[in-house]
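Listing of final-v5.txt; format and content: compact mmCIF, N, CA and C atoms.
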# COMPACT_ATOMS: atom_id res chain seq x y z
N MET A 1 19.96 3.98 -7.32
CA MET A 1 18.86 4.92 -7.36
C MET A 1 17.60 4.22 -6.84
N LEU A 2 17.05 4.74 -5.76
CA LEU A 2 15.80 4.23 -5.20
C LEU A 2 14.67 5.19 -5.57
N VAL A 3 13.50 4.62 -5.83
CA VAL A 3 12.32 5.43 -6.11
C VAL A 3 11.17 4.96 -5.24
N SER A 4 10.18 5.83 -5.14
CA SER A 4 8.96 5.53 -4.40
C SER A 4 7.78 5.94 -5.28
N ILE A 5 6.77 5.08 -5.33
CA ILE A 5 5.53 5.37 -6.04
C ILE A 5 4.38 5.18 -5.07
N VAL A 6 3.42 6.11 -5.10
CA VAL A 6 2.17 5.93 -4.37
C VAL A 6 1.07 5.91 -5.43
N TYR A 7 0.22 4.88 -5.36
CA TYR A 7 -0.90 4.81 -6.29
C TYR A 7 -2.18 4.48 -5.53
N MET A 8 -3.31 4.71 -6.20
CA MET A 8 -4.61 4.34 -5.66
C MET A 8 -5.37 3.61 -6.77
N SER A 9 -6.21 2.64 -6.37
CA SER A 9 -7.04 1.92 -7.33
C SER A 9 -8.35 1.52 -6.67
N VAL A 10 -9.28 1.01 -7.48
CA VAL A 10 -10.59 0.60 -7.01
C VAL A 10 -10.71 -0.92 -7.18
N MET A 11 -11.17 -1.60 -6.14
CA MET A 11 -11.35 -3.06 -6.19
C MET A 11 -12.46 -3.42 -7.17
N THR A 12 -12.34 -4.57 -7.80
CA THR A 12 -13.41 -5.06 -8.68
C THR A 12 -14.53 -5.70 -7.88
N HIS A 13 -14.23 -6.15 -6.66
CA HIS A 13 -15.23 -6.74 -5.78
C HIS A 13 -14.75 -6.61 -4.34
N ALA A 14 -15.66 -6.79 -3.40
CA ALA A 14 -15.29 -6.75 -1.98
C ALA A 14 -14.48 -8.00 -1.66
N PHE A 15 -13.29 -7.82 -1.14
CA PHE A 15 -12.41 -8.93 -0.81
C PHE A 15 -12.72 -9.47 0.58
N SER A 16 -12.69 -10.78 0.71
CA SER A 16 -12.84 -11.40 2.03
C SER A 16 -11.50 -11.34 2.75
N GLY A 17 -11.51 -11.59 4.04
CA GLY A 17 -10.27 -11.63 4.80
C GLY A 17 -9.27 -12.63 4.25
N PRO A 18 -9.70 -13.87 3.95
CA PRO A 18 -8.75 -14.84 3.38
C PRO A 18 -8.20 -14.40 2.02
N GLU A 19 -9.02 -13.76 1.19
CA GLU A 19 -8.53 -13.27 -0.11
C GLU A 19 -7.45 -12.21 0.08
N LEU A 20 -7.68 -11.30 1.04
CA LEU A 20 -6.68 -10.26 1.30
C LEU A 20 -5.39 -10.85 1.85
N THR A 21 -5.53 -11.83 2.74
CA THR A 21 -4.35 -12.47 3.31
C THR A 21 -3.55 -13.16 2.21
N GLU A 22 -4.23 -13.86 1.33
CA GLU A 22 -3.54 -14.55 0.23
C GLU A 22 -2.88 -13.56 -0.72
N MET A 23 -3.57 -12.44 -1.00
CA MET A 23 -2.98 -11.41 -1.85
C MET A 23 -1.71 -10.84 -1.21
N LEU A 24 -1.76 -10.58 0.09
CA LEU A 24 -0.61 -10.06 0.82
C LEU A 24 0.56 -11.04 0.75
N ARG A 25 0.29 -12.31 0.98
CA ARG A 25 1.37 -13.31 0.95
C ARG A 25 2.04 -13.37 -0.43
N GLY A 26 1.24 -13.39 -1.49
CA GLY A 26 1.79 -13.43 -2.84
C GLY A 26 2.58 -12.18 -3.17
N ALA A 27 2.04 -11.02 -2.79
CA ALA A 27 2.73 -9.76 -3.06
C ALA A 27 4.06 -9.70 -2.30
N ARG A 28 4.06 -10.15 -1.07
CA ARG A 28 5.29 -10.11 -0.28
C ARG A 28 6.38 -10.98 -0.91
N LEU A 29 6.01 -12.15 -1.39
CA LEU A 29 7.00 -13.03 -2.02
C LEU A 29 7.59 -12.39 -3.29
N ARG A 30 6.73 -11.87 -4.15
CA ARG A 30 7.21 -11.22 -5.38
C ARG A 30 8.04 -9.99 -5.07
N ASN A 31 7.59 -9.19 -4.12
CA ASN A 31 8.31 -7.96 -3.79
C ASN A 31 9.66 -8.24 -3.15
N GLU A 32 9.70 -9.22 -2.27
CA GLU A 32 10.98 -9.57 -1.66
C GLU A 32 11.97 -10.05 -2.71
N ALA A 33 11.49 -10.82 -3.69
CA ALA A 33 12.37 -11.32 -4.76
C ALA A 33 12.93 -10.18 -5.60
N LEU A 34 12.18 -9.10 -5.74
CA LEU A 34 12.61 -7.96 -6.55
C LEU A 34 13.22 -6.83 -5.73
N GLY A 35 13.28 -6.98 -4.41
CA GLY A 35 13.85 -5.94 -3.56
C GLY A 35 12.94 -4.73 -3.40
N VAL A 36 11.62 -4.96 -3.44
CA VAL A 36 10.64 -3.89 -3.29
C VAL A 36 10.01 -3.98 -1.90
N SER A 37 9.87 -2.85 -1.24
CA SER A 37 9.19 -2.80 0.05
C SER A 37 8.11 -1.73 -0.02
N GLY A 38 7.31 -1.60 1.03
CA GLY A 38 6.29 -0.58 1.01
C GLY A 38 5.17 -0.81 1.98
N LEU A 39 4.05 -0.17 1.69
CA LEU A 39 2.88 -0.20 2.56
C LEU A 39 1.66 -0.33 1.67
N LEU A 40 0.81 -1.31 1.93
CA LEU A 40 -0.46 -1.48 1.23
C LEU A 40 -1.57 -1.19 2.21
N VAL A 41 -2.47 -0.27 1.84
CA VAL A 41 -3.61 0.10 2.68
C VAL A 41 -4.87 -0.25 1.91
N VAL A 42 -5.79 -0.96 2.57
CA VAL A 42 -7.04 -1.39 1.96
C VAL A 42 -8.18 -0.79 2.77
N LYS A 43 -9.05 -0.03 2.08
CA LYS A 43 -10.12 0.63 2.80
C LYS A 43 -11.21 1.05 1.83
N GLY A 44 -12.46 0.85 2.21
CA GLY A 44 -13.59 1.37 1.45
C GLY A 44 -13.61 0.98 -0.01
N GLY A 45 -13.22 -0.24 -0.32
CA GLY A 45 -13.24 -0.68 -1.69
C GLY A 45 -12.09 -0.17 -2.54
N ARG A 46 -11.07 0.35 -1.87
CA ARG A 46 -9.92 0.90 -2.58
C ARG A 46 -8.61 0.39 -2.00
N PHE A 47 -7.61 0.39 -2.87
CA PHE A 47 -6.24 0.13 -2.45
C PHE A 47 -5.47 1.44 -2.57
N MET A 48 -4.60 1.70 -1.62
CA MET A 48 -3.57 2.73 -1.77
C MET A 48 -2.29 2.05 -1.36
N GLN A 49 -1.27 2.22 -2.17
CA GLN A 49 -0.02 1.52 -1.91
C GLN A 49 1.16 2.43 -2.19
N LEU A 50 2.16 2.31 -1.32
CA LEU A 50 3.46 2.92 -1.53
C LEU A 50 4.43 1.79 -1.81
N LEU A 51 5.10 1.87 -2.95
CA LEU A 51 6.15 0.91 -3.32
C LEU A 51 7.47 1.65 -3.33
N GLU A 52 8.53 1.01 -2.86
CA GLU A 52 9.86 1.64 -2.89
C GLU A 52 10.92 0.59 -3.16
N GLY A 53 11.99 1.03 -3.81
CA GLY A 53 13.08 0.13 -4.13
C GLY A 53 13.82 0.63 -5.35
N PRO A 54 14.68 -0.22 -5.94
CA PRO A 54 15.36 0.17 -7.18
C PRO A 54 14.33 0.51 -8.26
N ALA A 55 14.62 1.52 -9.06
CA ALA A 55 13.66 2.02 -10.06
C ALA A 55 13.13 0.91 -10.95
N TRP A 56 14.02 0.04 -11.46
CA TRP A 56 13.57 -1.01 -12.38
C TRP A 56 12.62 -1.98 -11.69
N SER A 57 12.86 -2.28 -10.41
CA SER A 57 12.00 -3.20 -9.66
C SER A 57 10.63 -2.58 -9.39
N VAL A 58 10.63 -1.34 -8.96
CA VAL A 58 9.37 -0.65 -8.67
C VAL A 58 8.55 -0.50 -9.95
N ASP A 59 9.21 -0.13 -11.05
CA ASP A 59 8.50 0.00 -12.32
C ASP A 59 7.92 -1.34 -12.78
N ASP A 60 8.67 -2.41 -12.57
CA ASP A 60 8.19 -3.75 -12.93
C ASP A 60 6.95 -4.10 -12.12
N ARG A 61 7.01 -3.89 -10.81
CA ARG A 61 5.87 -4.21 -9.94
C ARG A 61 4.67 -3.35 -10.28
N PHE A 62 4.89 -2.05 -10.51
CA PHE A 62 3.77 -1.17 -10.81
C PHE A 62 3.11 -1.56 -12.14
N GLY A 63 3.91 -1.95 -13.12
CA GLY A 63 3.36 -2.42 -14.39
C GLY A 63 2.47 -3.64 -14.20
N ALA A 64 2.92 -4.58 -13.36
CA ALA A 64 2.12 -5.78 -13.08
C ALA A 64 0.84 -5.41 -12.33
N ILE A 65 0.94 -4.46 -11.43
CA ILE A 65 -0.23 -4.00 -10.67
C ILE A 65 -1.26 -3.37 -11.60
N GLU A 66 -0.79 -2.59 -12.56
CA GLU A 66 -1.72 -1.96 -13.51
C GLU A 66 -2.50 -3.01 -14.32
N ARG A 67 -1.89 -4.15 -14.56
CA ARG A 67 -2.53 -5.22 -15.34
C ARG A 67 -3.35 -6.19 -14.49
N ASP A 68 -3.26 -6.08 -13.18
CA ASP A 68 -3.94 -7.02 -12.28
C ASP A 68 -5.46 -6.86 -12.38
N PRO A 69 -6.19 -7.93 -12.71
CA PRO A 69 -7.65 -7.82 -12.89
C PRO A 69 -8.44 -7.68 -11.60
N ARG A 70 -7.79 -7.70 -10.45
CA ARG A 70 -8.52 -7.57 -9.18
C ARG A 70 -8.89 -6.13 -8.86
N HIS A 71 -8.38 -5.19 -9.66
CA HIS A 71 -8.74 -3.79 -9.44
C HIS A 71 -8.68 -3.03 -10.77
N HIS A 72 -9.18 -1.81 -10.74
CA HIS A 72 -9.19 -0.97 -11.94
C HIS A 72 -8.96 0.49 -11.53
N THR A 73 -8.94 1.37 -12.48
CA THR A 73 -8.71 2.79 -12.24
C THR A 73 -7.44 2.99 -11.42
N VAL A 74 -6.37 2.37 -11.83
CA VAL A 74 -5.09 2.49 -11.15
C VAL A 74 -4.48 3.84 -11.52
N ARG A 75 -4.24 4.67 -10.51
CA ARG A 75 -3.70 6.01 -10.73
C ARG A 75 -2.42 6.21 -9.92
N SER A 76 -1.34 6.52 -10.61
CA SER A 76 -0.10 6.88 -9.92
C SER A 76 -0.27 8.30 -9.40
N LEU A 77 -0.06 8.49 -8.11
CA LEU A 77 -0.27 9.79 -7.48
C LEU A 77 1.04 10.52 -7.21
N ILE A 78 2.06 9.79 -6.83
CA ILE A 78 3.36 10.38 -6.52
C ILE A 78 4.44 9.42 -6.99
N ARG A 79 5.46 9.95 -7.63
CA ARG A 79 6.67 9.19 -7.93
C ARG A 79 7.83 10.11 -7.57
N GLU A 80 8.72 9.61 -6.74
CA GLU A 80 9.84 10.44 -6.32
C GLU A 80 11.09 9.60 -6.09
N ASP A 81 12.24 10.23 -6.29
CA ASP A 81 13.51 9.61 -5.95
C ASP A 81 13.69 9.73 -4.45
N ILE A 82 14.20 8.67 -3.83
CA ILE A 82 14.45 8.69 -2.38
C ILE A 82 15.89 8.25 -2.12
N ASP A 83 16.44 8.73 -1.01
CA ASP A 83 17.81 8.39 -0.64
C ASP A 83 17.90 7.07 0.09
N GLN A 84 16.84 6.75 0.85
CA GLN A 84 16.83 5.51 1.61
C GLN A 84 15.40 5.01 1.77
N ARG A 85 15.27 3.73 2.03
CA ARG A 85 13.95 3.14 2.23
C ARG A 85 13.30 3.70 3.49
N ARG A 86 11.99 3.79 3.44
CA ARG A 86 11.25 4.29 4.59
C ARG A 86 10.46 3.19 5.27
N PHE A 87 10.40 2.01 4.62
CA PHE A 87 9.70 0.85 5.19
C PHE A 87 10.62 -0.35 5.06
N ASP A 88 10.88 -1.00 6.18
CA ASP A 88 11.79 -2.15 6.17
C ASP A 88 11.22 -3.36 5.46
N GLY A 89 9.92 -3.53 5.56
CA GLY A 89 9.28 -4.71 4.99
C GLY A 89 7.91 -4.37 4.47
N TRP A 90 7.25 -5.37 4.01
CA TRP A 90 5.91 -5.19 3.45
C TRP A 90 4.92 -5.05 4.57
N SER A 91 4.03 -4.07 4.49
CA SER A 91 3.00 -3.89 5.51
C SER A 91 1.63 -3.84 4.85
N MET A 92 0.64 -4.22 5.61
CA MET A 92 -0.73 -4.15 5.13
C MET A 92 -1.60 -3.68 6.26
N ALA A 93 -2.41 -2.68 6.00
CA ALA A 93 -3.38 -2.20 6.98
C ALA A 93 -4.75 -2.39 6.37
N TYR A 94 -5.70 -2.87 7.16
CA TYR A 94 -7.01 -3.15 6.61
C TYR A 94 -8.08 -2.83 7.63
N ARG A 95 -9.07 -2.06 7.24
CA ARG A 95 -10.19 -1.75 8.11
C ARG A 95 -11.35 -2.66 7.71
N GLY A 96 -11.96 -3.30 8.66
CA GLY A 96 -13.08 -4.18 8.36
C GLY A 96 -12.88 -5.54 8.99
N LEU A 97 -11.67 -5.98 9.08
CA LEU A 97 -11.38 -7.22 9.81
C LEU A 97 -11.08 -6.86 11.25
N ASP A 98 -11.39 -7.78 12.12
CA ASP A 98 -10.93 -7.63 13.48
C ASP A 98 -9.42 -7.82 13.45
N ASP A 99 -8.66 -6.95 14.13
CA ASP A 99 -7.21 -7.04 14.10
C ASP A 99 -6.70 -8.44 14.46
N ALA A 100 -7.43 -9.15 15.31
CA ALA A 100 -6.98 -10.48 15.71
C ALA A 100 -6.99 -11.44 14.53
N ASP A 101 -7.85 -11.18 13.54
CA ASP A 101 -7.94 -12.06 12.38
C ASP A 101 -6.68 -12.03 11.52
N ILE A 102 -6.02 -10.91 11.47
CA ILE A 102 -4.90 -10.76 10.55
C ILE A 102 -3.61 -10.30 11.23
N ALA A 103 -3.70 -9.90 12.49
CA ALA A 103 -2.54 -9.34 13.18
C ALA A 103 -1.36 -10.29 13.23
N GLY A 104 -1.61 -11.58 13.21
CA GLY A 104 -0.53 -12.55 13.25
C GLY A 104 0.18 -12.71 11.91
N GLU A 105 -0.37 -12.12 10.87
CA GLU A 105 0.22 -12.23 9.54
C GLU A 105 1.48 -11.35 9.47
N PRO A 106 2.61 -11.90 9.01
CA PRO A 106 3.83 -11.09 8.92
C PRO A 106 3.60 -9.87 8.04
N GLY A 107 4.04 -8.71 8.51
CA GLY A 107 3.92 -7.49 7.74
C GLY A 107 2.67 -6.68 8.06
N PHE A 108 1.77 -7.21 8.89
CA PHE A 108 0.57 -6.46 9.22
C PHE A 108 0.93 -5.21 10.03
N SER A 109 0.22 -4.13 9.74
CA SER A 109 0.46 -2.87 10.44
C SER A 109 -0.86 -2.32 10.96
N PRO A 110 -0.88 -1.72 12.16
CA PRO A 110 -2.10 -1.09 12.69
C PRO A 110 -2.29 0.34 12.17
N PHE A 111 -1.73 0.67 11.02
CA PHE A 111 -1.77 2.03 10.49
C PHE A 111 -3.18 2.61 10.43
N LEU A 112 -4.17 1.84 9.98
CA LEU A 112 -5.52 2.38 9.84
C LEU A 112 -6.19 2.66 11.17
N SER A 113 -5.74 2.04 12.24
CA SER A 113 -6.35 2.30 13.54
C SER A 113 -5.91 3.65 14.09
N GLY A 114 -4.94 4.26 13.46
CA GLY A 114 -4.46 5.56 13.91
C GLY A 114 -3.45 5.46 15.02
N THR A 115 -3.05 4.25 15.39
CA THR A 115 -2.11 4.08 16.50
C THR A 115 -0.66 4.04 16.02
N LEU A 116 -0.45 4.07 14.71
CA LEU A 116 0.91 4.02 14.18
C LEU A 116 1.17 5.29 13.39
N ASP A 117 2.23 5.96 13.70
CA ASP A 117 2.64 7.12 12.92
C ASP A 117 3.94 6.80 12.24
N PHE A 118 4.30 7.63 11.29
CA PHE A 118 5.51 7.40 10.52
C PHE A 118 6.74 7.97 11.22
N PRO A 119 7.91 7.47 10.88
CA PRO A 119 9.14 8.05 11.41
C PRO A 119 9.22 9.53 11.01
N ARG A 120 9.82 10.32 11.83
CA ARG A 120 9.91 11.77 11.60
C ARG A 120 10.49 12.11 10.23
N SER A 121 11.46 11.35 9.78
CA SER A 121 12.10 11.63 8.49
C SER A 121 11.13 11.45 7.31
N PHE A 122 10.10 10.61 7.48
CA PHE A 122 9.13 10.37 6.43
C PHE A 122 7.85 11.17 6.64
N ASP A 123 7.55 11.51 7.87
CA ASP A 123 6.26 12.09 8.25
C ASP A 123 5.95 13.39 7.52
N ARG A 124 6.94 14.15 7.13
CA ARG A 124 6.69 15.45 6.49
C ARG A 124 6.72 15.40 4.97
N THR A 125 6.66 14.22 4.40
CA THR A 125 6.71 14.09 2.95
C THR A 125 5.30 14.09 2.36
N SER A 126 5.20 14.34 1.07
CA SER A 126 3.90 14.32 0.41
C SER A 126 3.30 12.92 0.43
N ALA A 127 4.13 11.88 0.34
CA ALA A 127 3.62 10.51 0.39
C ALA A 127 2.97 10.22 1.75
N ALA A 128 3.60 10.65 2.83
CA ALA A 128 3.03 10.44 4.16
C ALA A 128 1.71 11.20 4.31
N TRP A 129 1.67 12.42 3.81
CA TRP A 129 0.44 13.21 3.86
C TRP A 129 -0.68 12.48 3.14
N LEU A 130 -0.39 11.96 1.95
CA LEU A 130 -1.39 11.28 1.14
C LEU A 130 -1.90 10.01 1.83
N LEU A 131 -1.01 9.23 2.42
CA LEU A 131 -1.42 8.02 3.13
C LEU A 131 -2.28 8.36 4.35
N LYS A 132 -1.93 9.42 5.06
CA LYS A 132 -2.75 9.83 6.22
C LYS A 132 -4.11 10.35 5.76
N TRP A 133 -4.13 11.07 4.64
CA TRP A 133 -5.40 11.55 4.09
C TRP A 133 -6.31 10.36 3.80
N PHE A 134 -5.79 9.33 3.17
CA PHE A 134 -6.53 8.12 2.84
C PHE A 134 -7.05 7.46 4.12
N ARG A 135 -6.21 7.39 5.12
CA ARG A 135 -6.58 6.75 6.40
C ARG A 135 -7.72 7.51 7.08
N ASP A 136 -7.68 8.82 7.02
CA ASP A 136 -8.59 9.65 7.81
C ASP A 136 -9.90 10.00 7.11
N ARG A 137 -10.11 9.57 5.88
CA ARG A 137 -11.33 9.87 5.14
C ARG A 137 -12.27 8.68 5.13
N GLU A 138 -13.56 8.98 5.17
CA GLU A 138 -14.55 7.94 4.99
C GLU A 138 -14.69 7.73 3.49
N LEU A 139 -14.50 6.52 3.03
CA LEU A 139 -14.60 6.19 1.60
C LEU A 139 -15.83 5.33 1.40
N ARG A 140 -16.46 5.50 0.27
CA ARG A 140 -17.65 4.72 -0.06
C ARG A 140 -17.24 3.27 -0.30
N ASP A 141 -17.91 2.36 0.40
CA ASP A 141 -17.66 0.93 0.19
C ASP A 141 -18.20 0.50 -1.17
N LEU A 142 -17.71 -0.64 -1.64
CA LEU A 142 -18.23 -1.22 -2.89
C LEU A 142 -19.69 -1.60 -2.74
Is it possible to give me this structure as structure tokens?
Amino acid sequence: MLVSIVYMSVMTHAFSGPELTEMLRGARLRNEALGVSGLLVVKGGRFMQLLEGPAWSVDDRFGAIERDPRHHTVRSLIREDIDQRRFDGWSMAYRGLDDADIAGEPGFSPFLSGTLDFPRSFDRTSAAWLLKWFRDRELRDL
């Protein structure tokens, strides 16, 4: 049984590029060990993330995320059973850094630039709609 969760949270402070890179590296290691994949989007002082994988692994990761002191107001927006993974690996999209600063980092995605769309099988889901909504809105910075 695979599940997918989409959540949104608010950063406790504005993260620097190196802080975000380090956070991505740590998250990727933990997620790979637990068989969790997904997409992390950072924009306007907020995180939006889609996690997917075995239910116990996703629930474990989401519980740890809720306790993480780097953000607050963690809200689960969508939880659904899925038949197959929609993301092969961990991705991170970030607006504010020059793409050259982080593009070499494994798992980086140009999702926020609007140049990447989802596979057709995922594009019509509520999770895809929510991620695109987040991408296309101006959010108040910290």
With only C-alpha atoms as the atoms that count, which of A:Ala55, A:Ala128, A:Ala64, A:Leu20 lies nearest to Leu39 of chain A?
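For Leu39 of chain A, the nearest of the candidates is A:Ala128.
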Choose the residue, out of A:Phe134, A:Met8, A:Asp81, A:Glu52, that has the smallest atom-to-atom separation from Glu32 of chain A; count only C-alpha atoms.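 That would be A:Glu52, the residue with the smallest distance to Glu32 of chain A.
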Could you tell me which of A:Leu29, A:Ala14, A:Ile82, A:Val6 comes closest to Leu51 of chain A if we count only N, CA and C atoms?
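Distance minimum relative to Leu51 of chain A lands on A:Val6.
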Between A:Phe47, A:Asp59, A:Trp129, A:Gly26, single out the one closest to His72 of chain A, counting only C-alpha atoms.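 Among A:Phe47, A:Asp59, A:Trp129, A:Gly26, it is A:Phe47 that comes nearest to His72 of chain A.
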Problem set entry | DSSP strand (DSSP E or B) residues within segment 23-79 of chain A, as a ChimeraX atom specification | /A:37-43,46-54,71-79
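Taking atom CA of Leu2 of chain A and atom CA of Phe87 of chain A as endpoints, the distance between them is 12.5 Å.
Here atom N of Ser57 of chain A is placed at a distance of 27.0 Å from atom C of Trp133 of chain A.
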Restricting the calculation to all atoms listed in the file: of A:Arg86, A:Ser76, A:Pro69, A:Arg135, which residue gets closest to Ser121 of chain A?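 Answer, going by the shortest atom-to-atom distance: A:Arg86.
Restricting the calculation to only C-alpha atoms, the smallest distance between Gly38 of chain A and any of A:Ala127, A:Met11, A:Met23, A:Met1 is found for A:Ala127.
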Hey, can you check how far atom CA of Val10 of chain A sits from atom N of Arg79 of chain A?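 Taking atom CA of Val10 of chain A as the start and atom N of Arg79 of chain A as the end point, the length is 18.6 Å.
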message = List the spatial neighbours of Tyr7 of chain A as an MDAnalysis selection string - criterion: any atom at most 10 Å away, only C-alpha atoms, same-chain residues fewer than 4 positions off excluded.
response = chainID A and resid 40 47:51 62 65:66 74:79 127 130:131
